[in-house]
Amino acid sequence: MQTRNCQNCKKDFTIEPDDFGFYEKIKVPPPTFCPSCRLQRKLTWRNERSLHKVKCKAPGHTEEIISMYGTNDGFCVYDNDYWWSDKWDPMEHGLPYDFSTPFFVQFSNLLKKVPLVALSTINSVNSEYTNYVDGNKNCYLIFGCGWNENIRYGSKLFLCKDSQDLFICTKCELSYESVGCIESYKLFWSVNSKNCSDSYFLYDCRNCTNCFGCVNLVSKSYCIWNKQYTREEYFKKLEELHLNSYKSILDLKNEFKDLYLSSVHRYANIFASVNCTGDYINNSKNSKNCFDLYQNVEDSKYLCSALDLKDAYDSYGAFKNELSYENIDANIGHKNLSCLTIYNSENVNYGFNCHDLKDSFGCIGLRKKQYCILNKQYSKEEYEKLLPKIKQHMDKMPYVDSRGRAHKYGEFFPSELSPFYYNETIAQEYFPLTEEDTQKKAFRWREKEKRTYTIDIPNDSIPDDIQNIIEDILNKVIECLHKGKCGEQCTEAFKILPEELKFYKRMNVPLPRLCSNCRHHQRFKQRSPVKLGHRQCMCDKNHPSHKGSWDVEFETSYAPDRPEIVYCEK
């Protein structure tokens with residue numbers, strides 16, 4: 001075990017023997033950034049939610065399209081249909097490797113030449129306003145999602161249906177404003193609950209039906225604020241709560257928050273897993289410092305949002321990968337290093353938006369190719385002879401960024417070369433900074449775009465009761481409650497879609513007062529940070545295993561200064 005000093009935050013971090021074994025297995029040097037700084041650096045290259053109207057630059061196309069890349073950022077952007085067609089060749093922009101220039105400078109030059117796909121969407125139907133998605137149908141403004149149907153306004157959703165405003169949920173149906181819920185039906189304003197139905201305001205509940213405002217319950221029905229009622233009493237009291245009123249919902253949220261703080265909190269949401277640390281881990285083993293592992297992750301470390309991985313380190317948004325390192329949006333791969341949006345590929349280093357690629361280095365937009373470097377084709381012999389020289393060159397002539405940080409072989413792409421601004425990437429969600437902070441840390445900040453639309457409905461004029469909403473509200477410009485002053489990618493206004501209004505009416509819930517981005521950020525705040533610290537079990541009751549307080553310690557994402565009551569697993 002060794003202690004190193006992070007060249008970014010200047011804090012010490014530990015590299016353990018198993019880590020060295022992994023780095024040796026994939027033939028990369030140990031990292032020079034600590035795990036937290038490595039994650040932040042990767043996330044500066046992923047813009048999920050900030051969408052722009054730009055002109056398509058494909059030949060013969062002048063129409064405006066929705067793109068994750070801004071208008072004046074200097075990139076060539078094609079609409080998705082043209083980009084995926086055979087009407088253009090990314091190899092036309094190939095560059096010979098220049099040993100007098102740092103690799104990352106050459107890659108940045110190539111990035112400005114090769115056409116980029118407007119949105120990262122595949123296998124989706126009637127789901128144009130989505131990004132980083134796969135296999136969705138009839139979805140709108142969902143991000144980082146897969147295999148959903150009829151979903152609006154969500155992130156990190158899988159196999160959900162006919163729902164709205166969810167975050168990190170799996171197999172949920174007819175649900176609304178819930179976070180971290182699994183296999184549930186008609187679940188509203190709930191967090192970390194599983195196999196629950198027809199319920200509202202639940203936290204850490206399992207197998208509950210027809211419950212309201214409950215915490216830590218298992219296999220219960222007809223409970224309100226953790227108190228048991230008969231079926232008749234339950235439905236009578238439910239009517240008295242006026243769930244169709246926005247003002248009533250605000251009051252209930254405050255009551256639920258108080259109940260949440262008085263409830264017991266499991267030190268980590270780790271289920272059916274062995275020898276794992278982190279939070280929200282399912283059916284995995286031997287994986288440390290990981291978050292949002294959906295299933296089947298093994299012998300891995302420093303992952304966030306992943307499933308079906310083995311021997312993988314430092315990745316975000318990965319699926320079916322093995323022996324992979326420092327990737328983001330990696331789908332079915334083997335031995336890929338420092339790649340972005342890399343699908344069905346093997347032995348690729350520093351690839352960007354490549355598919356079915358093998359044995360290549362520093363390529364952008366390639367499909368079904370092999371033995372390529374900077375989008376230039378080589379023979380197998382030429383490639384294998386040139387590749388070791390490039391790795392040596394990256395060590396001898398590293399890219400040194402504006403803050404003096406050296407990026408050698410094995411390091412992820414420098415943040416300052418990202419095509420996105422810091423405050424439009426998900427780095428701003430996980431590591432929020434002010435505009436002043438980004439300047440100090442040499443990140444870029446996108447100035448707020450001027451809004452030219454006219455507000456049709458001021459926020460305080462929205463009817464309180466959903467039953468008083470009539471169809472003439474459709475397509476009206478409604479003022480967001482935050483009015484662009486929140487720093488949450490606020491769009492300042494929003495519209496109600498016909499399908500959306502039908503959902504509110506059917507579920508008998510009031511209209512939102514925030515735009516979809518601000519609503520997402522409120523849900524995001526309900527999750528613990530992707531950072532572990534040491535705490536002691538706070539249980540002070542008498543059990544067969546102990547009497548009064550006991551000294552069990554654990555790693556948890558609940559920081560020591562947080563107000564929650566945190567218990568160990570036992």
# chains A, B, ... in the order shown; residues from 1 in each chain; ligands from 1
>>> closest_atom_pairs(of="region 94-170 of chain A", to="region 371-380 of chain A", cutoff="7 Å", atoms="only C-alpha atoms", output="JSON lines")
{"residue": "A:Gly94", "atom": "CA", "partner": "A:Asn375", "partner_atom": "CA", "distance": 4.2}
{"residue": "A:Leu95", "atom": "CA", "partner": "A:Leu374", "partner_atom": "CA", "distance": 5.6}
{"residue": "A:Pro96", "atom": "CA", "partner": "A:Lys376", "partner_atom": "CA", "distance": 6.7}
>>> write_last_selection(atoms="all heavy atoms", output="CSV table (one decimal), in the first residue's frame")
chain,number,residue,atom,x,y,z
A,94,GLY,N,-8.5,11.8,-40.8
A,94,GLY,CA,-7.4,11.2,-40.1
A,94,GLY,C,-6.1,12.0,-40.1
A,94,GLY,O,-5.8,12.7,-41.1
A,95,LEU,N,-5.3,11.9,-39.1
A,95,LEU,CA,-4.1,12.7,-38.9
A,95,LEU,C,-2.9,11.7,-38.7
A,95,LEU,O,-3.0,10.8,-37.9
A,95,LEU,CB,-4.1,13.6,-37.8
A,95,LEU,CG,-5.2,14.7,-37.8
A,95,LEU,CD1,-5.3,15.4,-36.5
A,95,LEU,CD2,-5.0,15.6,-38.9
A,96,PRO,N,-1.7,11.9,-39.3
A,96,PRO,CA,-0.6,11.1,-39.0
A,96,PRO,C,-0.1,11.5,-37.6
A,96,PRO,O,-0.2,12.7,-37.2
A,96,PRO,CB,0.4,11.5,-40.1
A,96,PRO,CG,0.0,12.9,-40.5
A,96,PRO,CD,-1.5,12.9,-40.4
>>> residues_around(residues="Lys301 (chain A)", least_positions_apart="6", cutoff="12 Å", atoms="only C-alpha atoms", output="MDAnalysis selection string")
chainID A and resid 15:16 18:19 22:23 35 39 275:278 284:291 293 309:316 323:326
>>> closest_residue(among="A:Tyr260, A:Phe319, A:Ser199, A:Asp456", to="Tyr234 (chain A)", atoms="only C-alpha atoms")
A:Ser199
>>> atom_distance(atom1="CA of Asp401 (chain A)", atom2="CA of Pro414 (chain A)")
7.4 Å
>>> select_by_dssp(residues="region 204-370 of chain A", states="alpha helix (DSSP H)", output="list in words")
Arg231, Glu232, Glu233, Tyr234, Phe235, Lys236, Lys237, Leu238, Glu239, Glu240, Tyr246, Lys247, Ser248, Ile249, Leu250, Asp251, Leu252, Lys253, Asn254, Glu255, Phe256, Lys257, Asp258, Leu259, Tyr260, Leu261 and Ser262 of chain A
>>> closest_residue(among="A:Cys518, A:Lys161, A:Lys320, A:Phe443", to="Lys485 (chain A)", atoms="only C-alpha atoms")
A:Cys518
>>> closest_atom_pairs(of="region 146-263 of chain A", to="region 46-67 of chain A", cutoff="12 Å", atoms="only C-alpha atoms", output="JSON lines")
{"residue": "A:Tyr153", "atom": "CA", "partner": "A:Arg49", "partner_atom": "CA", "distance": 10.4}
{"residue": "A:Gly154", "atom": "CA", "partner": "A:Arg49", "partner_atom": "CA", "distance": 10.5}
{"residue": "A:Ser155", "atom": "CA", "partner": "A:Glu48", "partner_atom": "CA", "distance": 9.3}
{"residue": "A:Lys156", "atom": "CA", "partner": "A:Glu48", "partner_atom": "CA", "distance": 11.0}
>>> write_last_selection(atoms="N, CA and C atoms", output="PDB file, in the first residue's frame")
ATOM      1  N   TYR A 153     -39.253  13.164 -18.210  1.00  0.00           N
ATOM      2  CA  TYR A 153     -38.484  13.842 -17.168  1.00  0.00           C
ATOM      3  C   TYR A 153     -37.876  12.857 -16.167  1.00  0.00           C
ATOM      4  N   GLY A 154     -36.843  12.152 -16.587  1.00  0.00           N
ATOM      5  CA  GLY A 154     -36.204  11.204 -15.688  1.00  0.00           C
ATOM      6  C   GLY A 154     -34.733  11.041 -15.990  1.00  0.00           C
ATOM      7  N   SER A 155     -34.041  10.400 -15.074  1.00  0.00           N
ATOM      8  CA  SER A 155     -32.610  10.156 -15.238  1.00  0.00           C
ATOM      9  C   SER A 155     -32.253   8.842 -14.553  1.00  0.00           C
ATOM     10  N   LYS A 156     -31.385   8.057 -15.208  1.00  0.00           N
ATOM     11  CA  LYS A 156     -30.932   6.764 -14.681  1.00  0.00           C
ATOM     12  C   LYS A 156     -32.110   5.840 -14.405  1.00  0.00           C
TER      13      LYS A 156
END
>>> residues_around(residues="Lys257 (chain A)", least_positions_apart="2", cutoff="12 Å", atoms="only C-alpha atoms", output="compact mmCIF listing (two decimals) with all heavy atoms, in the first residue's frame")
# COMPACT_ATOMS: atom_id res chain seq x y z
N TRP A 189 -43.70 10.41 -4.60
CA TRP A 189 -42.88 11.15 -3.63
C TRP A 189 -42.20 10.21 -2.63
O TRP A 189 -42.23 10.42 -1.42
CB TRP A 189 -43.73 12.18 -2.87
CG TRP A 189 -44.30 13.24 -3.74
CD1 TRP A 189 -43.63 14.28 -4.33
CD2 TRP A 189 -45.67 13.39 -4.14
NE1 TRP A 189 -44.49 15.05 -5.06
CE2 TRP A 189 -45.75 14.54 -4.97
CE3 TRP A 189 -46.84 12.68 -3.87
CZ2 TRP A 189 -46.95 14.98 -5.52
CZ3 TRP A 189 -48.03 13.10 -4.43
CH2 TRP A 189 -48.08 14.24 -5.24
N SER A 190 -41.55 9.18 -3.15
CA SER A 190 -40.96 8.17 -2.27
C SER A 190 -39.47 7.99 -2.57
O SER A 190 -38.99 8.34 -3.65
CB SER A 190 -41.69 6.83 -2.43
OG SER A 190 -43.03 6.96 -2.00
N VAL A 191 -38.75 7.44 -1.59
CA VAL A 191 -37.30 7.29 -1.68
C VAL A 191 -36.89 5.91 -1.17
O VAL A 191 -37.39 5.45 -0.12
CB VAL A 191 -36.58 8.39 -0.85
CG1 VAL A 191 -35.07 8.25 -0.96
CG2 VAL A 191 -37.01 9.78 -1.30
N PHE A 201 -45.15 9.08 -0.21
CA PHE A 201 -44.21 9.54 0.80
C PHE A 201 -43.68 8.37 1.64
O PHE A 201 -43.85 8.33 2.87
CB PHE A 201 -44.85 10.60 1.70
CG PHE A 201 -45.16 11.88 0.99
CD1 PHE A 201 -46.46 12.18 0.62
CD2 PHE A 201 -44.17 12.80 0.68
CE1 PHE A 201 -46.78 13.35 -0.05
CE2 PHE A 201 -44.46 13.99 0.02
CZ PHE A 201 -45.77 14.26 -0.36
N LEU A 202 -43.01 7.44 0.99
CA LEU A 202 -42.36 6.33 1.70
C LEU A 202 -40.86 6.53 1.70
O LEU A 202 -40.28 7.03 0.73
CB LEU A 202 -42.68 5.00 1.03
CG LEU A 202 -44.14 4.57 0.90
CD1 LEU A 202 -44.21 3.14 0.37
CD2 LEU A 202 -44.88 4.69 2.22
N TYR A 203 -40.22 6.10 2.77
CA TYR A 203 -38.76 6.06 2.81
C TYR A 203 -38.32 4.71 3.38
O TYR A 203 -38.78 4.30 4.46
CB TYR A 203 -38.17 7.18 3.68
CG TYR A 203 -36.68 7.01 3.88
CD1 TYR A 203 -35.79 7.26 2.84
CD2 TYR A 203 -36.16 6.54 5.09
CE1 TYR A 203 -34.43 7.06 3.00
CE2 TYR A 203 -34.80 6.34 5.26
CZ TYR A 203 -33.94 6.60 4.21
OH TYR A 203 -32.58 6.39 4.37
N GLY A 213 -46.80 8.29 4.07
CA GLY A 213 -45.93 8.95 5.04
C GLY A 213 -45.29 7.97 6.00
O GLY A 213 -45.28 8.21 7.21
N CYS A 214 -44.69 6.90 5.48
CA CYS A 214 -44.15 5.86 6.34
C CYS A 214 -42.66 5.64 6.09
O CYS A 214 -42.17 5.85 4.98
CB CYS A 214 -44.90 4.54 6.13
SG CYS A 214 -46.61 4.61 6.68
N VAL A 215 -41.96 5.20 7.13
CA VAL A 215 -40.52 4.93 7.02
C VAL A 215 -40.21 3.59 7.67
O VAL A 215 -40.87 3.18 8.64
CB VAL A 215 -39.69 6.04 7.70
CG1 VAL A 215 -39.89 7.38 7.01
CG2 VAL A 215 -40.03 6.16 9.18
N TRP A 225 -48.31 7.76 8.49
CA TRP A 225 -47.30 8.24 9.42
C TRP A 225 -46.90 7.13 10.40
O TRP A 225 -46.80 7.33 11.61
CB TRP A 225 -47.78 9.48 10.19
CG TRP A 225 -48.22 10.61 9.32
CD1 TRP A 225 -49.44 11.21 9.32
CD2 TRP A 225 -47.44 11.32 8.34
NE1 TRP A 225 -49.49 12.23 8.40
CE2 TRP A 225 -48.27 12.33 7.77
CE3 TRP A 225 -46.14 11.20 7.85
CZ2 TRP A 225 -47.85 13.20 6.78
CZ3 TRP A 225 -45.71 12.07 6.85
CH2 TRP A 225 -46.56 13.04 6.32
N LEU A 250 -47.03 20.65 -0.39
CA LEU A 250 -45.90 21.34 0.26
C LEU A 250 -45.88 21.06 1.75
O LEU A 250 -44.82 20.80 2.34
CB LEU A 250 -45.98 22.84 0.00
CG LEU A 250 -45.61 23.34 -1.40
CD1 LEU A 250 -45.69 24.86 -1.45
CD2 LEU A 250 -44.19 22.89 -1.78
N ASP A 251 -47.04 21.15 2.40
CA ASP A 251 -47.11 20.89 3.84
C ASP A 251 -46.75 19.44 4.14
O ASP A 251 -46.03 19.15 5.11
CB ASP A 251 -48.52 21.19 4.36
CG ASP A 251 -48.86 22.68 4.30
OD1 ASP A 251 -47.91 23.49 4.29
OD2 ASP A 251 -50.05 23.02 4.26
N LEU A 252 -47.22 18.52 3.33
CA LEU A 252 -46.93 17.11 3.54
C LEU A 252 -45.44 16.81 3.34
O LEU A 252 -44.88 15.97 4.05
CB LEU A 252 -47.77 16.26 2.59
CG LEU A 252 -49.28 16.25 2.86
CD1 LEU A 252 -50.03 15.62 1.69
CD2 LEU A 252 -49.59 15.53 4.16
N LYS A 253 -44.81 17.49 2.39
CA LYS A 253 -43.37 17.31 2.20
C LYS A 253 -42.60 17.71 3.45
O LYS A 253 -41.62 17.04 3.84
CB LYS A 253 -42.89 18.13 1.00
CG LYS A 253 -43.23 17.52 -0.35
CD LYS A 253 -42.66 18.37 -1.48
CE LYS A 253 -42.93 17.73 -2.83
NZ LYS A 253 -42.38 18.55 -3.94
N ASN A 254 -42.98 18.80 4.08
CA ASN A 254 -42.31 19.24 5.31
C ASN A 254 -42.51 18.23 6.43
O ASN A 254 -41.57 17.95 7.20
CB ASN A 254 -42.82 20.61 5.72
CG ASN A 254 -42.35 21.71 4.78
OD1 ASN A 254 -41.26 21.61 4.20
ND2 ASN A 254 -43.16 22.74 4.59
N GLU A 255 -43.71 17.70 6.57
CA GLU A 255 -43.96 16.68 7.60
C GLU A 255 -43.14 15.43 7.33
O GLU A 255 -42.58 14.82 8.25
CB GLU A 255 -45.44 16.32 7.63
CG GLU A 255 -46.34 17.36 8.27
CD GLU A 255 -47.76 16.85 8.47
OE1 GLU A 255 -47.93 15.89 9.26
OE2 GLU A 255 -48.67 17.39 7.82
N LEU A 259 -40.19 13.34 9.55
CA LEU A 259 -40.24 11.91 9.80
C LEU A 259 -38.99 11.22 9.28
O LEU A 259 -38.44 10.31 9.93
CB LEU A 259 -41.49 11.31 9.15
CG LEU A 259 -41.72 9.81 9.38
CD1 LEU A 259 -41.95 9.52 10.85
CD2 LEU A 259 -42.89 9.31 8.55
N TYR A 260 -38.51 11.66 8.11
CA TYR A 260 -37.28 11.10 7.54
C TYR A 260 -36.11 11.26 8.50
O TYR A 260 -35.34 10.33 8.73
CB TYR A 260 -36.99 11.79 6.21
CG TYR A 260 -35.59 11.61 5.68
CD1 TYR A 260 -35.26 10.51 4.90
CD2 TYR A 260 -34.58 12.53 5.97
CE1 TYR A 260 -33.97 10.33 4.41
CE2 TYR A 260 -33.30 12.37 5.49
CZ TYR A 260 -33.00 11.26 4.72
OH TYR A 260 -31.72 11.08 4.25
N LEU A 261 -35.97 12.44 9.08
CA LEU A 261 -34.84 12.70 9.98
C LEU A 261 -34.94 11.90 11.28
O LEU A 261 -33.93 11.62 11.92
CB LEU A 261 -34.74 14.19 10.28
CG LEU A 261 -34.32 15.08 9.11
CD1 LEU A 261 -34.37 16.54 9.49
CD2 LEU A 261 -32.92 14.70 8.63
N SER A 262 -36.14 11.53 11.67
CA SER A 262 -36.30 10.75 12.91
C SER A 262 -36.24 9.25 12.65
O SER A 262 -36.27 8.46 13.60
CB SER A 262 -37.63 11.09 13.58
OG SER A 262 -38.72 10.67 12.77
N SER A 263 -36.15 8.84 11.38
CA SER A 263 -36.14 7.42 11.04
C SER A 263 -34.73 6.85 11.12
O SER A 263 -33.75 7.58 11.26
CB SER A 263 -36.71 7.21 9.64
OG SER A 263 -35.85 7.79 8.67
N GLN A 526 -31.70 14.40 -2.95
CA GLN A 526 -32.18 13.40 -2.02
C GLN A 526 -31.26 12.18 -1.94
O GLN A 526 -31.47 11.29 -1.12
CB GLN A 526 -33.59 12.94 -2.41
CG GLN A 526 -34.62 14.06 -2.35
CD GLN A 526 -36.01 13.59 -2.75
OE1 GLN A 526 -36.56 12.67 -2.16
NE2 GLN A 526 -36.58 14.22 -3.76
N PRO A 563 -27.38 15.00 9.85
CA PRO A 563 -28.28 14.79 10.99
C PRO A 563 -28.95 13.42 11.06
O PRO A 563 -29.59 13.11 12.06
CB PRO A 563 -29.35 15.88 10.77
CG PRO A 563 -29.41 16.05 9.29
CD PRO A 563 -27.99 15.83 8.81
N GLU A 564 -28.79 12.58 10.02
CA GLU A 564 -29.50 11.30 10.01
C GLU A 564 -29.01 10.36 11.11
O GLU A 564 -27.85 10.39 11.52
CB GLU A 564 -29.34 10.60 8.65
CG GLU A 564 -30.10 11.25 7.52
CD GLU A 564 -29.31 12.29 6.77
OE1 GLU A 564 -28.22 12.66 7.24
OE2 GLU A 564 -29.77 12.72 5.70
>>> closest_residue(among="A:Arg266, A:Lys186, A:Lys391, A:Lys450", to="Met507 (chain A)", atoms="only C-alpha atoms")
A:Lys186
>>> residues_around(residues="His521 (chain A)", least_positions_apart="3", cutoff="10 Å", atoms="only C-alpha atoms", output="list in words")
Phe167, Glu429, Gly487, Glu488, Gln489, Cys490, Ser516, Asn517, Cys518, Phe524, Lys525 and Gln526 of chain A
>>> residues_around(residues="region 473-480 of chain A", least_positions_apart="5", cutoff="9 Å", atoms="only C-alpha atoms", output="number ranges by chain")
A: 453-460, 462, 490-498, 501, 513-515, 518
>>> write_last_selection(atoms="N, CA and C atoms", output="PDB file, in the first residue's frame")
ATOM      1  N   TYR A 453     -38.694  34.305 -24.875  1.00  0.00           N
ATOM      2  CA  TYR A 453     -40.119  34.021 -24.840  1.00  0.00           C
ATOM      3  C   TYR A 453     -40.828  34.882 -23.803  1.00  0.00           C
ATOM      4  N   THR A 454     -42.129  34.975 -23.966  1.00  0.00           N
ATOM      5  CA  THR A 454     -42.972  35.745 -23.048  1.00  0.00           C
ATOM      6  C   THR A 454     -43.714  34.791 -22.120  1.00  0.00           C
ATOM      7  N   ILE A 455     -43.723  35.098 -20.855  1.00  0.00           N
ATOM      8  CA  ILE A 455     -44.413  34.272 -19.866  1.00  0.00           C
ATOM      9  C   ILE A 455     -45.922  34.455 -20.022  1.00  0.00           C
ATOM     10  N   ASP A 456     -46.620  33.353 -20.248  1.00  0.00           N
ATOM     11  CA  ASP A 456     -48.080  33.395 -20.350  1.00  0.00           C
ATOM     12  C   ASP A 456     -48.751  33.257 -18.985  1.00  0.00           C
ATOM     13  N   ILE A 457     -48.155  32.427 -18.115  1.00  0.00           N
ATOM     14  CA  ILE A 457     -48.749  32.160 -16.809  1.00  0.00           C
ATOM     15  C   ILE A 457     -47.692  32.366 -15.726  1.00  0.00           C
ATOM     16  N   PRO A 458     -47.797  33.434 -14.931  1.00  0.00           N
ATOM     17  CA  PRO A 458     -46.879  33.592 -13.797  1.00  0.00           C
ATOM     18  C   PRO A 458     -47.015  32.421 -12.831  1.00  0.00           C
ATOM     19  N   ASN A 459     -45.943  32.101 -12.130  1.00  0.00           N
ATOM     20  CA  ASN A 459     -45.950  30.916 -11.283  1.00  0.00           C
ATOM     21  C   ASN A 459     -47.034  30.962 -10.211  1.00  0.00           C
ATOM     22  N   ASP A 460     -47.269  32.139  -9.645  1.00  0.00           N
ATOM     23  CA  ASP A 460     -48.268  32.229  -8.576  1.00  0.00           C
ATOM     24  C   ASP A 460     -49.699  32.221  -9.102  1.00  0.00           C
ATOM     25  N   ILE A 462     -50.748  29.689 -11.195  1.00  0.00           N
ATOM     26  CA  ILE A 462     -51.116  28.315 -11.522  1.00  0.00           C
ATOM     27  C   ILE A 462     -52.179  27.848 -10.536  1.00  0.00           C
ATOM     28  N   CYS A 490     -31.547  26.045 -14.704  1.00  0.00           N
ATOM     29  CA  CYS A 490     -32.948  26.455 -14.797  1.00  0.00           C
ATOM     30  C   CYS A 490     -33.246  27.031 -16.180  1.00  0.00           C
ATOM     31  N   THR A 491     -34.357  26.580 -16.772  1.00  0.00           N
ATOM     32  CA  THR A 491     -34.771  27.110 -18.068  1.00  0.00           C
ATOM     33  C   THR A 491     -35.714  28.304 -17.923  1.00  0.00           C
ATOM     34  N   GLU A 492     -36.012  28.678 -16.684  1.00  0.00           N
ATOM     35  CA  GLU A 492     -36.824  29.851 -16.336  1.00  0.00           C
ATOM     36  C   GLU A 492     -38.302  29.683 -16.657  1.00  0.00           C
ATOM     37  N   ALA A 493     -38.649  28.764 -17.531  1.00  0.00           N
ATOM     38  CA  ALA A 493     -40.050  28.541 -17.888  1.00  0.00           C
ATOM     39  C   ALA A 493     -40.206  27.126 -18.420  1.00  0.00           C
ATOM     40  N   PHE A 494     -41.446  26.667 -18.511  1.00  0.00           N
ATOM     41  CA  PHE A 494     -41.706  25.329 -19.035  1.00  0.00           C
ATOM     42  C   PHE A 494     -43.116  25.269 -19.598  1.00  0.00           C
ATOM     43  N   LYS A 495     -43.385  24.193 -20.319  1.00  0.00           N
ATOM     44  CA  LYS A 495     -44.718  23.950 -20.872  1.00  0.00           C
ATOM     45  C   LYS A 495     -45.247  22.610 -20.382  1.00  0.00           C
ATOM     46  N   ILE A 496     -46.549  22.461 -20.454  1.00  0.00           N
ATOM     47  CA  ILE A 496     -47.196  21.200 -20.113  1.00  0.00           C
ATOM     48  C   ILE A 496     -47.624  20.506 -21.395  1.00  0.00           C
ATOM     49  N   LEU A 497     -47.186  19.256 -21.571  1.00  0.00           N
ATOM     50  CA  LEU A 497     -47.549  18.479 -22.747  1.00  0.00           C
ATOM     51  C   LEU A 497     -48.920  17.822 -22.561  1.00  0.00           C
ATOM     52  N   PRO A 498     -49.610  17.511 -23.655  1.00  0.00           N
ATOM     53  CA  PRO A 498     -50.912  16.837 -23.526  1.00  0.00           C
ATOM     54  C   PRO A 498     -50.837  15.530 -22.729  1.00  0.00           C
ATOM     55  N   LEU A 501     -50.380  16.319 -18.992  1.00  0.00           N
ATOM     56  CA  LEU A 501     -51.597  16.751 -18.306  1.00  0.00           C
ATOM     57  C   LEU A 501     -52.517  15.561 -18.027  1.00  0.00           C
ATOM     58  N   ARG A 513     -44.332  23.295 -10.090  1.00  0.00           N
ATOM     59  CA  ARG A 513     -44.031  24.735 -10.149  1.00  0.00           C
ATOM     60  C   ARG A 513     -42.617  25.005 -10.634  1.00  0.00           C
ATOM     61  N   LEU A 514     -41.838  23.951 -10.868  1.00  0.00           N
ATOM     62  CA  LEU A 514     -40.462  24.095 -11.319  1.00  0.00           C
ATOM     63  C   LEU A 514     -40.308  23.518 -12.721  1.00  0.00           C
ATOM     64  N   CYS A 515     -39.340  24.039 -13.465  1.00  0.00           N
ATOM     65  CA  CYS A 515     -39.018  23.461 -14.771  1.00  0.00           C
ATOM     66  C   CYS A 515     -38.396  22.078 -14.559  1.00  0.00           C
ATOM     67  N   CYS A 518     -34.871  21.968 -12.815  1.00  0.00           N
ATOM     68  CA  CYS A 518     -34.901  22.261 -11.381  1.00  0.00           C
ATOM     69  C   CYS A 518     -35.528  21.103 -10.609  1.00  0.00           C
TER      70      CYS A 518
END
>>> closest_residue(among="A:Ser193, A:Trp147, A:Phe158, A:Ser124", to="Ala306 (chain A)", atoms="only C-alpha atoms")
A:Phe158
>>> decode(residues="region 366-394 of chain A", atoms="C-alpha atoms", output="compact mmCIF listing (two decimals), in the first residue's frame")
# COMPACT_ATOMS: atom_id res chain seq x y z
CA LEU A 366 -15.13 5.24 -36.12
CA ARG A 367 -17.29 2.18 -36.74
CA LYS A 368 -16.22 -1.36 -37.61
CA LYS A 369 -12.52 -0.53 -37.90
CA GLN A 370 -9.27 -1.99 -36.60
CA TYR A 371 -5.64 -0.83 -36.26
CA CYS A 372 -6.39 2.90 -36.47
CA ILE A 373 -4.56 5.82 -34.82
CA LEU A 374 -6.06 9.33 -34.89
CA ASN A 375 -8.53 8.07 -37.54
CA LYS A 376 -5.73 6.93 -39.83
CA GLN A 377 -5.57 3.32 -41.01
CA TYR A 378 -2.47 1.17 -40.40
CA SER A 379 -1.59 -2.43 -41.02
CA LYS A 380 -1.42 -4.79 -38.04
CA GLU A 381 2.39 -4.74 -38.12
CA GLU A 382 2.56 -0.94 -38.41
CA TYR A 383 0.07 -0.47 -35.58
CA GLU A 384 1.85 -2.81 -33.19
CA LYS A 385 5.17 -1.14 -33.92
CA LEU A 386 3.86 2.41 -33.53
CA LEU A 387 1.70 1.97 -30.41
CA PRO A 388 4.55 1.46 -27.86
CA LYS A 389 6.32 4.51 -29.25
CA ILE A 390 3.18 6.63 -28.75
CA LYS A 391 2.85 5.52 -25.14
CA GLN A 392 6.51 6.40 -24.51
CA HIS A 393 5.98 9.73 -26.23
CA MET A 394 3.03 10.51 -23.93
